[in-house]
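Data first, discussion second: the structure below is written as structure tokens.
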Amino acid sequence: MSARLHRSRWSRGVERLFELGIRLGGFAAVVLLSGIMLFVVGEAWPFLLGRFDAIEFFTSTEWFPDSVVKVRYGALALFVGTLSVTALAMVAAVPVGLLGAIYLAELAPPRVREPGKIIIELLAAIPSVVWGFIALTVVSPLMVSVLDLPVGLNVANGALVLALMSLPVIISLGEDALRAVPDSYREAAEALGATRWETTTRVVVPAARNGLLAAVLLGVSRVVGETMAVLMATGHSVRIPHSIFDPVRTLTATIAAELGEAPKGGEHYRALFTIGLCLFVITFVINWLADRLIRRAAHRV
Amino acid sequence: MVKTAASVAVKGLRAWYGGVEALRGVDLEVGAGEIVAIIGPAQAGKSTLMSCLSRLSDEVVGLRVEGSVAVGGEDVFAMRDVAALRRRVGLVAPLPVGLPMSVIDNVTYAPRMAGARKGPELRERAEKCLRAAALWDEVKDRLDQTATRLSGGQQQRLAIARALSHEPEVLCLDEFSIAIDPVTTARIEELLKAMRSQVTIVLVTNLIHQARRLADHTAMMWEGRVIEVQPTAAFFDSPQHELTRGYLEGRFG
Amino acid sequence: MFEATEKTRGRVGRSHVMSLALGLLTVLLAAPTLIVLAVLVYRGAPALSLDFLLSPPRAGMTAGGIFPAIVGTFYLVGLSLLVSVPLGVMGAVYLTEYARPGRLLDFVHLAIVNLAGVPSIVHALFGVGAFVVFMRLGTSILAASLTLAVMNLPIVIAATRESLLAVPYSFRQASWALGASRAQTVWHIVLPNALPGILTGVVFAVSRAAGETAPILFTGVAFYLPSLPNNVFDQCMALSMHLFTITTQVVGVPESYPAATALVLIALVLSANAVSVVLRSRHRKNRRW
């Protein structure tokens with residue numbers, strides 16, 4: 001073994017290729033991802049410059065994109081639809097999700113925790129279209145018969161399904177946030193004679209505040225962006241709901257319902273991209289806030 | 001397993017981490033086959049200096065280096081094949097790191113990465129290195145076990161065996177004994193003494209007595225400079241620099 | 001002197017009561033999941049048969065089976081993975097092991113984190129605009145798969161990046177010090193140890209690609225196709241889309257059909273998730289540091 005070893009040209013060539021591949025892959029990934037932004041903005045752009053009227057778009061409830069006599073692009077009812085379904089879903093999911101996270105992370109004995117987490121994963125794995133199916137064929141008839149409503153497809157139905165869909169997000173991220181609180185905090189509190197419950201509510205939860213808030217935000221973002229389930233659960237009515245048993249249509253459902261009919265490159269098509277752009281911006285802001293909260297929490301702990 | 005020792009010459013070496021100057025012009029000459037100990041307080045730039053010798057400094061984000069380092073008379077910053085340089089200049093890090101693979105794979109990693117094929121020859125070489133690091137008897141029956149399961153002292157000797165596996169001309173040891181017990185430390189010190197003259201050894205240490213026991217020359221680093229180098233006996237008996245005197249007397253650091 | 005006072009006993013009691021209450025609440029949480037699954041099984045079981053799985057729909061989708069939809073889902077998932085996994089893994093390796101940290105890299109990471117949360121319907125818009133119209137792929141398996149791939153790309157990147165970062169930096173340093181190049185270090189040290197985490201991300205991508213409907217709605221999936229697709233420029237059917245179609249668009253479908261379709265879809269997604277659970281637990285056991 002006296003002679004110095006030299007790697008063969010072949011192995012160096014393979015290495016060059018490997019590195020080239022990695023660079024290209026990285027580049028392609030970044031290009032594709034920035035492409036999403038670019039395309040959504042680009043396809044919405046002619047509409048934004050042309051027919052788009054901010055006052056009409058944000059304050060009118062008249063959404064008649066393919067009307068022959070008077071075309072209107074008032075998206076207020078769609079925003080309100082998304083808002084109402086999201087708000088109602090969160091009213092149910094936030095307390096239940098956070099309490100569930102607290103229970104699983106802090107109070108539950110291991111023999112409850114493990115099956116609990118499996119159930120949460122199960123819940124998360126059910127595809128959105130299956131939830132829509134459940135809303136349509138189980139929840140809706142139930143609402144009609146129990147609450148004596150004319151139709152079972154409404155804000156409440158959509159919110160119920162969305163709440164169930166956002167629970168796994170809130171619980172698993174909330175649990176992560178609680179677990180990130182160092183054990184020394186709990187030990188210190190318990191050494192001072194605090195009970196488990198007091199330790200949890202007065203020490204651990206306040207310490208995990210940012211992470212819990214981020215979990216809620218990501219739950220909201222999931223709900224705002226959900227499409228198939230709300231498309232199937234909330235009915236199709238572009239109007240401002242007066243009660244939780246009124247049908248509505250959300251931003252996402254509008255795109256899903258109309259994109260197929262809108263002629264490619266036409267005004268309606270571009271109006272739908274504008275709605276997509278709004279969704280993009282809304283979820284981007286929420287996710288960005290959540291990311292900042294998580295990072296800040298990570299820094300502190 | 002050691003070929004020929006090479007001299008090391010550092011001239012006017014400066015280094016910055018962002019805006020912080022870690023090395024402010026280091027000059028240090030190490031003769032081929034010598035053992036040189038570098039002592040000095042934390043933040044003196046000892047580890048930064050070590051990382052420059054095999055250009056591991058290239059991998060540190062935000063580190064900028066100026067000046068020259070020559071190994072065997074060749075300027076390392078002018079070398080195109082960094083991998084070859086790193087096989088000439090071995091480094092053992094302060095904390096023991098067993099790579100997450102079997103013991104034997106650890107010791108043959110460097111030759112394999114340099115193009116050697118697995119086989120009896122490579123295994124023989126691995127055995128030599130493990131013997132040289134006084135680890136063979138402890139691991140000969142579990143060469144195929146994961147290295148990360150070894151004890152800290154064993155992993156540190158594995159790191160030394162690994163550093164020897166590529167037949168270095170210079171061996172840099174950065175506080176190799178901080179994570180291991182005194183008995184193991186003593187064994188490794190014996191090994192280093194035995195290797196004297198076959199390989200040049202640059203030893204960063206916080207143990208003043210370790211420097212005294214091993215080194216031909218001892219250097220004192222202070223705030224990014226080498227402020228004093230002397231033959232070890234003279235260094236400890238009559239330190240010239242005020243700061244060296246203070247450091248050895250334990251007035252600070 | 002240190003006897004338990006009334007107050008202390010009350011506090012301890014409250015702690016137990018609250019634990020119990022929250023426990024009950026969590027058990028209640030499990031109820032809807034189990035009810036949903038029970039309803040699906042109860043309703044769908046009568047229709048489930050080998051014939052249902054292996055024959056095409058007949059009589060305007062009111063009879064027959066779901067074979068083309070199963071095949072289509074496999075096509076879509078497979079083809080989308082072929083794009084998203086190599087690109088995602090290479091992208092993550094580039095971003096974590098090669099790219100120099102700085103503002104640009106921070107921005108890219110921010111973009112990836114956020115794009116992972118972009119609604120799937122926005123991906124559908126992108127798919128229509130970019131693949132169907134701009135690249136002139138038309139509504140085809142290729143366009144739909146690419147849309148799913150782009151949707152999953154940030155997820156694969158994020159999962160890969162996380163598992164790459166979990167490999168201790170000291171391993172890399174030791175490898176470089178031994179004269180291994182960056183590529184060798186990535187190949188021999190980093191990737192093998194990050195593999196289980198990467199696979200978990202891939203499995204998640206599988207389950208998402210199989211379950212999502214919105215991104216494929218307008219990019220390449222047809223309501224009904226009597227024959228199997230011949231190439232990637234054909235359209236295909238898909239399970240998720242088929243469930244949507246027979247639930248909302250077709251009259252006269254037997255009650256058991258959509259439920260059975262949903263069961264098959266869930267079984268597919270859950271088996272992917274089960275693989276990921278197994279991988280994760282094995283990873284934890286075999287962790288080598």
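Here, A, B, ... name the chains of the structure tokens in the order displayed, residue numbers run from 1 inside each chain, and ligands are numbered from 1 in the same displayed order.
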Per residue of chain C within 12 Å of chain B, which atom pair is closest and at what distance in Å (one decimal), using only C-alpha atoms, listed by chain and increasing number, as a Markdown table?
| residue | atom | partner | partner_atom | distance |
| --- | --- | --- | --- | --- |
| C:Glu97 | CA | B:Glu59 | CA | 10.7 |
| C:Tyr98 | CA | B:Glu59 | CA | 10.3 |
| C:Ala99 | CA | B:Val61 | CA | 10.5 |
| C:Arg100 | CA | B:Val61 | CA | 7.4 |
| C:Pro101 | CA | B:Val61 | CA | 7.6 |
| C:Gly102 | CA | B:Val61 | CA | 10.0 |
| C:Val167 | CA | B:Pro100 | CA | 9.8 |
| C:Pro168 | CA | B:Val97 | CA | 9.9 |
| C:Tyr169 | CA | B:Val97 | CA | 10.4 |
| C:Ser170 | CA | B:Val97 | CA | 6.9 |
| C:Phe171 | CA | B:Leu99 | CA | 6.0 |
| C:Arg172 | CA | B:Leu99 | CA | 9.0 |
| C:Gln173 | CA | B:Leu56 | CA | 8.0 |
| C:Ala174 | CA | B:Val97 | CA | 7.1 |
| C:Ser175 | CA | B:Leu99 | CA | 8.0 |
| C:Trp176 | CA | B:Leu56 | CA | 7.4 |
| C:Ala177 | CA | B:Arg86 | CA | 5.9 |
| C:Leu178 | CA | B:Ala110 | CA | 5.3 |
| C:Gly179 | CA | B:Ala83 | CA | 4.2 |
| C:Ala180 | CA | B:Met113 | CA | 5.7 |
| C:Ser181 | CA | B:Ala83 | CA | 6.5 |
| C:Arg182 | CA | B:Glu59 | CA | 9.5 |
| C:Ala183 | CA | B:Met113 | CA | 10.6 |
| C:Gln184 | CA | B:Met113 | CA | 7.2 |
| C:Thr185 | CA | B:Met113 | CA | 9.2 |
| C:Trp187 | CA | B:Met113 | CA | 10.9 |
| C:His188 | CA | B:Met113 | CA | 9.3 |
| C:Ile189 | CA | B:Pro100 | CA | 7.5 |
| C:Val190 | CA | B:Pro100 | CA | 9.7 |
| C:Leu191 | CA | B:Pro100 | CA | 11.6 |
| C:Pro192 | CA | B:Pro100 | CA | 9.5 |
| C:Asn193 | CA | B:Pro100 | CA | 7.9 |
| C:Ala194 | CA | B:Pro100 | CA | 11.5 |
| C:Asn286 | CA | B:Thr146 | CA | 10.6 |
| C:Arg287 | CA | B:Pro100 | CA | 9.2 |
| C:Arg288 | CA | B:Pro100 | CA | 5.9 |
| C:Trp289 | CA | B:Thr148 | CA | 5.9 |
Distance table requested - region 137-201 of chain B against region 68-80 of chain B, cut-off 12 Å, only C-alpha atoms: one row per qualifying residue with the closest atom pair and its distance in Å to one decimal, ordered by chain and rising residue number, as JSON lines.
{"residue": "B:Pro168", "atom": "CA", "partner": "B:Val71", "partner_atom": "CA", "distance": 11.2}
{"residue": "B:Glu169", "atom": "CA", "partner": "B:Gly72", "partner_atom": "CA", "distance": 8.5}
{"residue": "B:Val170", "atom": "CA", "partner": "B:Val71", "partner_atom": "CA", "distance": 8.2}
{"residue": "B:Leu171", "atom": "CA", "partner": "B:Val71", "partner_atom": "CA", "distance": 11.5}
{"residue": "B:Val199", "atom": "CA", "partner": "B:Gly72", "partner_atom": "CA", "distance": 11.7}
{"residue": "B:Thr200", "atom": "CA", "partner": "B:Val71", "partner_atom": "CA", "distance": 10.3}
Write to file, as a CSV table (one decimal), in the first residue's frame, the residues of the selection just made, with N, CA, C and O atoms.
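Written out: part-v1.csv:
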chain,number,residue,atom,x,y,z
B,168,PRO,N,-1.1,9.7,6.8
B,168,PRO,CA,-0.9,11.1,6.7
B,168,PRO,C,0.6,11.5,7.0
B,168,PRO,O,1.3,10.7,7.6
B,169,GLU,N,0.9,12.6,6.5
B,169,GLU,CA,2.3,13.1,6.7
B,169,GLU,C,2.3,14.0,8.0
B,169,GLU,O,3.3,14.2,8.6
B,170,VAL,N,1.1,14.6,8.2
B,170,VAL,CA,0.9,15.4,9.4
B,170,VAL,C,-0.4,15.0,10.1
B,170,VAL,O,-1.4,14.7,9.5
B,171,LEU,N,-0.3,14.9,11.4
B,171,LEU,CA,-1.5,14.5,12.2
B,171,LEU,C,-1.9,15.6,13.2
B,171,LEU,O,-1.0,16.0,14.0
B,199,VAL,N,5.7,10.7,11.7
B,199,VAL,CA,4.6,11.7,11.3
B,199,VAL,C,4.8,12.9,12.1
B,199,VAL,O,5.2,12.9,13.3
B,200,THR,N,4.5,14.0,11.5
B,200,THR,CA,4.5,15.3,12.2
B,200,THR,C,3.2,15.4,13.0
B,200,THR,O,2.2,15.2,12.4
For region 42-55 of chain C, list every protein, DNA or RNA residue within 12 Å, evaluated using only C-alpha atoms, and leave out those in the same chain fewer than 3 positions away; present the list as a PyMOL selection string. (chain A and resi 134+137-138) or (chain C and resi 34-39+58+61-71+226-228+239+253-265)
With only C-alpha atoms as the counted atoms, please give the residues lying no more than 10 Å from Pro241 (chain A), apart from itself and same-chain residues fewer than 2 positions off, as a PDB file with C-alpha atoms, in the first residue's frame.
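For reference, result-v2.pdb as written:
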ATOM      1  CA  ALA A  77     -70.548  36.492  -1.125  1.00  0.00           C
ATOM      2  CA  VAL A  80     -68.255  35.722   3.211  1.00  0.00           C
ATOM      3  CA  GLY A  81     -68.957  32.089   2.362  1.00  0.00           C
ATOM      4  CA  SER A  84     -68.518  31.911   7.625  1.00  0.00           C
ATOM      5  CA  ASN A 154     -75.291  24.493   4.344  1.00  0.00           C
ATOM      6  CA  VAL A 155     -72.735  26.409   6.415  1.00  0.00           C
ATOM      7  CA  SER A 237     -75.697  29.479  -3.371  1.00  0.00           C
ATOM      8  CA  VAL A 238     -73.801  32.666  -4.040  1.00  0.00           C
ATOM      9  CA  ARG A 239     -75.287  34.832  -1.337  1.00  0.00           C
ATOM     10  CA  SER A 243     -78.056  31.713   9.514  1.00  0.00           C
ATOM     11  CA  ILE A 244     -75.738  28.767   9.826  1.00  0.00           C
ATOM     12  CA  PHE A 245     -78.333  26.673   8.031  1.00  0.00           C
ATOM     13  CA  ASP A 246     -78.155  28.729   4.841  1.00  0.00           C
ATOM     14  CA  PRO A 247     -76.283  27.330   1.884  1.00  0.00           C
ATOM     15  CA  VAL A 248     -73.185  29.239   0.717  1.00  0.00           C
ATOM     16  CA  ARG A 249     -70.371  28.931  -1.745  1.00  0.00           C
TER      17      ARG A 249
END
Residue neighbourhood Leu13 (chain B), 12 Å, only C-alpha atoms, exclusion window fewer than 6 positions, as a PyMOL selection string: chain B and resi 21-28+45+48-53+64-70+77+224-226
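Near chain C, within 6 Å and using only C-alpha atoms, the residues of chain A are Ile22, Arg23, Gly25, Gly26, Ala29, Ile36, Gly100, Tyr103, Leu123, Pro127, Trp197, Gly225, Gly276, Phe284 and Asn287 of chain A.
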Write the residues you've just listed into a file as a short mmCIF file (atom, residue, chain, number, x, y, z; two decimals), in the first residue's frame, and include N, CA, C and O atoms for each of them.
data_model
loop_
_atom_site.label_atom_id
_atom_site.label_comp_id
_atom_site.auth_asym_id
_atom_site.auth_seq_id
_atom_site.Cartn_x
_atom_site.Cartn_y
_atom_site.Cartn_z
N ILE A 22 -27.82 17.07 -8.89
CA ILE A 22 -28.33 17.72 -7.68
C ILE A 22 -28.57 19.20 -7.94
O ILE A 22 -29.61 19.76 -7.58
N ARG A 23 -27.62 19.84 -8.60
CA ARG A 23 -27.78 21.27 -8.90
C ARG A 23 -28.99 21.49 -9.79
O ARG A 23 -29.80 22.38 -9.54
N GLY A 25 -31.55 19.51 -10.19
CA GLY A 25 -32.75 19.19 -9.42
C GLY A 25 -33.15 20.35 -8.54
O GLY A 25 -34.31 20.74 -8.47
N GLY A 26 -32.17 20.91 -7.85
CA GLY A 26 -32.44 22.04 -6.98
C GLY A 26 -32.99 23.21 -7.76
O GLY A 26 -33.98 23.84 -7.38
N ALA A 29 -36.53 22.48 -9.01
CA ALA A 29 -37.50 22.56 -7.91
C ALA A 29 -37.84 24.02 -7.63
O ALA A 29 -39.01 24.39 -7.50
N ILE A 36 -45.45 28.55 -9.79
CA ILE A 36 -46.84 28.60 -9.30
C ILE A 36 -47.28 30.04 -9.15
O ILE A 36 -48.28 30.48 -9.71
N GLY A 100 -57.62 18.68 23.19
CA GLY A 100 -57.15 17.35 22.83
C GLY A 100 -55.62 17.29 22.83
O GLY A 100 -55.03 16.35 23.34
N TYR A 103 -54.42 17.33 26.37
CA TYR A 103 -54.63 16.03 27.01
C TYR A 103 -53.59 15.02 26.53
O TYR A 103 -52.92 14.36 27.32
N LEU A 123 -57.74 10.01 11.08
CA LEU A 123 -58.59 11.14 10.75
C LEU A 123 -57.93 11.98 9.66
O LEU A 123 -58.59 12.43 8.73
N PRO A 127 -59.37 11.19 2.79
CA PRO A 127 -59.29 12.22 1.75
C PRO A 127 -60.49 13.14 1.77
O PRO A 127 -61.59 12.76 2.20
N TRP A 197 -52.45 19.48 36.73
CA TRP A 197 -53.34 20.40 36.02
C TRP A 197 -52.83 21.83 36.11
O TRP A 197 -52.81 22.58 35.12
N GLY A 225 -58.38 26.62 2.54
CA GLY A 225 -58.00 26.08 1.25
C GLY A 225 -58.73 24.81 0.85
O GLY A 225 -58.59 24.34 -0.27
N GLY A 276 -58.15 32.61 -7.22
CA GLY A 276 -57.04 31.75 -6.81
C GLY A 276 -55.91 32.57 -6.21
O GLY A 276 -55.32 32.19 -5.19
N PHE A 284 -50.93 32.22 2.16
CA PHE A 284 -49.52 32.55 2.30
C PHE A 284 -49.28 33.38 3.56
O PHE A 284 -48.37 33.09 4.35
N ASN A 287 -49.76 31.13 6.66
CA ASN A 287 -48.65 30.20 6.83
C ASN A 287 -47.37 30.92 7.24
O ASN A 287 -46.58 30.41 8.04
#
Using DSSP on the backbone coordinates, identify the residues of region 156-238 of chain B assigned to helix (DSSP H, G or I); present them as a ChimeraX atom specification. /B:156-164,182-195,208-214,232-237
As a list of chain:residue names, list the residues of region 79-240 of chain B assigned to strand (DSSP E) by DSSP on the backbone atoms of this structure.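 Those residues are B:Val89, B:Gly90, B:Leu91, B:Val92, B:Val170, B:Leu171, B:Cys172, B:Leu173, B:Asp174, B:Thr200, B:Ile201, B:Val202, B:Leu203, B:Val204, B:His217, B:Thr218, B:Ala219, B:Met220, B:Met221, B:Trp222, B:Arg225, B:Val226, B:Ile227, B:Glu228, B:Val229, B:Gln230, B:Pro231.
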Excluding same-chain residues fewer than 2 positions from Glu127 (chain B), what lies within 10 Å of it counting only C-alpha atoms, as a list in words? Ile104, Val107, Thr108, Glu121, Leu122, Arg123, Glu124, Arg125, Cys129, Leu130, Arg131, Ala132, Ala133, Leu135, Trp136, Lys140, Leu143, Ala161 and Ser165 of chain B
Here CA of Ser8 (chain A) and CA of Thr96 (chain C) stand apart by 27.8 Å
Give me, as a PyMOL selection string, all polymer residues having an atom no more than 6 Å from Thr61 (chain A), counting only C-alpha atoms and skipping those fewer than 6 positions away in the same chain. chain A and resi 74-77
May I have the residues from that selection written out with all heavy atoms, as a compact mmCIF listing (two decimals), in the first residue's frame?
# COMPACT_ATOMS: atom_id res chain seq x y z
N GLY A 74 -68.75 40.19 -8.69
CA GLY A 74 -68.75 40.58 -7.28
C GLY A 74 -68.51 39.36 -6.42
O GLY A 74 -69.32 38.44 -6.37
N ALA A 75 -67.38 39.31 -5.72
CA ALA A 75 -67.00 38.09 -5.01
C ALA A 75 -67.27 38.17 -3.52
O ALA A 75 -66.87 37.29 -2.77
CB ALA A 75 -65.53 37.78 -5.26
N LEU A 76 -67.95 39.24 -3.09
CA LEU A 76 -68.15 39.39 -1.65
C LEU A 76 -68.79 38.16 -1.03
O LEU A 76 -68.37 37.67 0.02
CB LEU A 76 -69.02 40.63 -1.36
CG LEU A 76 -69.31 40.86 0.13
CD1 LEU A 76 -68.02 41.16 0.88
CD2 LEU A 76 -70.32 41.98 0.34
N ALA A 77 -69.84 37.64 -1.70
CA ALA A 77 -70.55 36.49 -1.13
C ALA A 77 -69.62 35.28 -1.00
O ALA A 77 -69.75 34.48 -0.08
CB ALA A 77 -71.76 36.14 -1.98
